[in-house]
Amino acid sequence: MFTKFRTFLLKQNALALAIGVIIGAAVSKVVTSLADNVISPIVGLVLPGGSWRDAVIHMRSTVDPRTGKITEANIGYGQLLGAVIDFLIIGLVVFLIAKALLPKLSETPKTKNCPQCGETIPEAATRCRACTQPVP
């Protein structure tokens with residue numbers, strides 16, 4: 001049973017997926033820390049009001065006459081802006097890691113068409129593999 005499980009892990013790339021999830025969680029923690037501890041204070045200095053992630057647009061406040069409870073309708077655009085900035089930072093970090101670690105894609109081989117049959121053949125070919133006619 002252990003051999004079958006090991007074969008499954010290696011054949012289905014489940015192990016690679018598990019490693020990717022673990023590394024993704026670690027990268028997410030680093031990027032969240034970068035956004036919260038480095039970028040947010042810098043943006044907070046530029047924007048008036050300091051804590052920009054708590055920025056809201058007050059729509060209305062109502063008081064319930066029976067209970068006296070105040071109900072506020074607010075749009076929390078600061079949290080949305082913070083989430084968008086976090087997403088952009090995570091996307092940039094993932095892009096840089098993928099660019100650095102993944103192998104570069106090779107260029108597609110150059111091809112030409114056979115004038116006799118129209119078959120696509122390599123550019124260096126002197127004879128068509130489909131109709132066997134010489135190709136200039």
# chains A, B, ... in the order shown; residues from 1 in each chain; ligands from 1
call {"tool": "residues_around", "arguments": {"residues": "Met59 (chain A)", "least_positions_apart": "3", "cutoff": "9 Å", "atoms": "only C-alpha atoms", "output": "list in words"}}
result
Glu72, Ala73, Asn74 and Ile75 of chain A
call {"tool": "select_by_dssp", "arguments": {"residues": "chain A", "states": "strand (DSSP E)", "output": "JSON, numbers by chain"}}
result
{"A": [57, 58, 59, 60, 61, 62, 63, 70, 71, 72, 73, 74, 75, 111, 112, 113, 120, 121, 122]}
call {"tool": "select_by_dssp", "arguments": {"residues": "region 52-120 of chain A", "states": "helix (DSSP H, G or I)", "output": "VMD selection string"}}
result
chain A and resid 52 to 54 77 to 101
call {"tool": "write_last_selection", "arguments": {"atoms": "C-alpha atoms", "output": "mmCIF file, in the first residue's frame"}}
result
data_model
loop_
_atom_site.group_PDB
_atom_site.id
_atom_site.type_symbol
_atom_site.label_atom_id
_atom_site.label_comp_id
_atom_site.auth_asym_id
_atom_site.auth_seq_id
_atom_site.Cartn_x
_atom_site.Cartn_y
_atom_site.Cartn_z
ATOM 1 C CA TRP A 52 -5.707 54.752 5.787
ATOM 2 C CA ARG A 53 -6.881 51.138 6.053
ATOM 3 C CA ASP A 54 -9.640 52.309 8.389
ATOM 4 C CA TYR A 77 -12.861 51.776 1.076
ATOM 5 C CA GLY A 78 -9.622 51.703 3.088
ATOM 6 C CA GLN A 79 -9.852 47.946 3.597
ATOM 7 C CA LEU A 80 -10.578 47.446 -0.096
ATOM 8 C CA LEU A 81 -7.622 49.619 -1.091
ATOM 9 C CA GLY A 82 -5.400 47.709 1.339
ATOM 10 C CA ALA A 83 -6.545 44.356 -0.076
ATOM 11 C CA VAL A 84 -5.831 45.547 -3.631
ATOM 12 C CA ILE A 85 -2.330 46.708 -2.636
ATOM 13 C CA ASP A 86 -1.685 43.374 -0.868
ATOM 14 C CA PHE A 87 -2.848 41.508 -3.981
ATOM 15 C CA LEU A 88 -0.555 43.536 -6.245
ATOM 16 C CA ILE A 89 2.433 42.927 -3.976
ATOM 17 C CA ILE A 90 1.712 39.178 -3.770
ATOM 18 C CA GLY A 91 1.293 39.035 -7.547
ATOM 19 C CA LEU A 92 4.613 40.826 -8.080
ATOM 20 C CA VAL A 93 6.455 38.530 -5.663
ATOM 21 C CA VAL A 94 4.968 35.376 -7.216
ATOM 22 C CA PHE A 95 5.853 36.664 -10.700
ATOM 23 C CA LEU A 96 9.462 37.362 -9.674
ATOM 24 C CA ILE A 97 9.827 33.957 -8.004
ATOM 25 C CA ALA A 98 8.326 32.161 -11.002
ATOM 26 C CA LYS A 99 10.525 34.108 -13.417
ATOM 27 C CA ALA A 100 13.634 33.264 -11.395
ATOM 28 C CA LEU A 101 12.903 29.575 -10.763
#
call {"tool": "residues_around", "arguments": {"residues": "Phe5 (chain A)", "least_positions_apart": "6", "cutoff": "12 Å", "atoms": "only C-alpha atoms", "output": "compact mmCIF listing (two decimals) with C-alpha atoms, in the first residue's frame"}}
result
# COMPACT_ATOMS: atom_id res chain seq x y z
CA LYS A 11 2.65 10.39 -10.66
CA GLN A 12 -0.12 12.87 -9.88
CA ASN A 13 2.24 15.67 -8.80
CA ALA A 14 0.42 15.80 -5.46
CA LEU A 15 3.73 16.25 -3.67
call {"tool": "atom_distance", "arguments": {"atom1": "CA of Glu119 (chain A)", "atom2": "CA of Ser106 (chain A)"}}
result
22.9 Å
call {"tool": "residues_around", "arguments": {"residues": "region 110-118 of chain A", "least_positions_apart": "3", "cutoff": "12 Å", "atoms": "only C-alpha atoms", "output": "list in words"}}
result
Ser106, Glu107, Ile121, Pro122, Glu123, Ala124, Ala125, Thr126, Arg127, Cys128, Arg129, Ala130, Cys131, Thr132, Gln133, Pro134, Val135 and Pro136 of chain A
call {"tool": "write_last_selection", "arguments": {"atoms": "N, CA and C atoms", "output": "PDB file, in the first residue's frame"}}
result
ATOM      1  N   SER A 106      11.531  27.640 -24.554  1.00  0.00           N
ATOM      2  CA  SER A 106      12.319  27.751 -25.780  1.00  0.00           C
ATOM      3  C   SER A 106      11.440  28.311 -26.891  1.00  0.00           C
ATOM      4  N   GLU A 107      12.067  28.945 -27.831  1.00  0.00           N
ATOM      5  CA  GLU A 107      11.324  29.502 -28.949  1.00  0.00           C
ATOM      6  C   GLU A 107      10.762  28.367 -29.804  1.00  0.00           C
ATOM      7  N   ILE A 121       6.627  22.241 -42.514  1.00  0.00           N
ATOM      8  CA  ILE A 121       7.870  21.494 -42.321  1.00  0.00           C
ATOM      9  C   ILE A 121       8.903  22.428 -41.706  1.00  0.00           C
ATOM     10  N   PRO A 122       9.967  21.866 -41.079  1.00  0.00           N
ATOM     11  CA  PRO A 122      11.016  22.712 -40.523  1.00  0.00           C
ATOM     12  C   PRO A 122      11.671  23.566 -41.614  1.00  0.00           C
ATOM     13  N   GLU A 123      12.141  24.743 -41.229  1.00  0.00           N
ATOM     14  CA  GLU A 123      12.730  25.664 -42.189  1.00  0.00           C
ATOM     15  C   GLU A 123      13.984  25.093 -42.843  1.00  0.00           C
ATOM     16  N   ALA A 124      14.731  24.274 -42.138  1.00  0.00           N
ATOM     17  CA  ALA A 124      15.964  23.719 -42.679  1.00  0.00           C
ATOM     18  C   ALA A 124      15.726  22.512 -43.587  1.00  0.00           C
ATOM     19  N   ALA A 125      14.498  22.033 -43.687  1.00  0.00           N
ATOM     20  CA  ALA A 125      14.212  20.839 -44.498  1.00  0.00           C
ATOM     21  C   ALA A 125      14.422  21.128 -45.978  1.00  0.00           C
ATOM     22  N   THR A 126      14.968  20.138 -46.674  1.00  0.00           N
ATOM     23  CA  THR A 126      15.165  20.262 -48.123  1.00  0.00           C
ATOM     24  C   THR A 126      14.173  19.412 -48.905  1.00  0.00           C
ATOM     25  N   ARG A 127      13.441  18.539 -48.172  1.00  0.00           N
ATOM     26  CA  ARG A 127      12.458  17.676 -48.796  1.00  0.00           C
ATOM     27  C   ARG A 127      11.253  17.592 -47.871  1.00  0.00           C
ATOM     28  N   CYS A 128      10.058  17.601 -48.439  1.00  0.00           N
ATOM     29  CA  CYS A 128       8.823  17.536 -47.648  1.00  0.00           C
ATOM     30  C   CYS A 128       8.636  16.120 -47.110  1.00  0.00           C
ATOM     31  N   ARG A 129       8.300  16.017 -45.853  1.00  0.00           N
ATOM     32  CA  ARG A 129       8.097  14.690 -45.258  1.00  0.00           C
ATOM     33  C   ARG A 129       6.767  14.084 -45.668  1.00  0.00           C
ATOM     34  N   ALA A 130       5.816  14.878 -46.125  1.00  0.00           N
ATOM     35  CA  ALA A 130       4.505  14.351 -46.505  1.00  0.00           C
ATOM     36  C   ALA A 130       4.489  13.893 -47.975  1.00  0.00           C
ATOM     37  N   CYS A 131       5.003  14.741 -48.911  1.00  0.00           N
ATOM     38  CA  CYS A 131       4.909  14.400 -50.324  1.00  0.00           C
ATOM     39  C   CYS A 131       6.277  14.060 -50.936  1.00  0.00           C
ATOM     40  N   THR A 132       7.302  14.162 -50.162  1.00  0.00           N
ATOM     41  CA  THR A 132       8.689  13.835 -50.534  1.00  0.00           C
ATOM     42  C   THR A 132       9.226  14.672 -51.701  1.00  0.00           C
ATOM     43  N   GLN A 133       8.600  15.799 -52.003  1.00  0.00           N
ATOM     44  CA  GLN A 133       9.087  16.669 -53.069  1.00  0.00           C
ATOM     45  C   GLN A 133      10.193  17.574 -52.527  1.00  0.00           C
ATOM     46  N   PRO A 134      11.172  17.914 -53.380  1.00  0.00           N
ATOM     47  CA  PRO A 134      12.202  18.843 -52.947  1.00  0.00           C
ATOM     48  C   PRO A 134      11.592  20.222 -52.638  1.00  0.00           C
ATOM     49  N   VAL A 135      12.120  20.839 -51.584  1.00  0.00           N
ATOM     50  CA  VAL A 135      11.620  22.153 -51.158  1.00  0.00           C
ATOM     51  C   VAL A 135      12.772  23.142 -51.290  1.00  0.00           C
ATOM     52  N   PRO A 136      12.529  24.252 -51.993  1.00  0.00           N
ATOM     53  CA  PRO A 136      13.608  25.246 -52.141  1.00  0.00           C
ATOM     54  C   PRO A 136      13.941  25.950 -50.859  1.00  0.00           C
TER      55      PRO A 136
END
call {"tool": "atom_distance", "arguments": {"atom1": "CA of Ile42 (chain A)", "atom2": "CA of Ala55 (chain A)"}}
result
15.7 Å
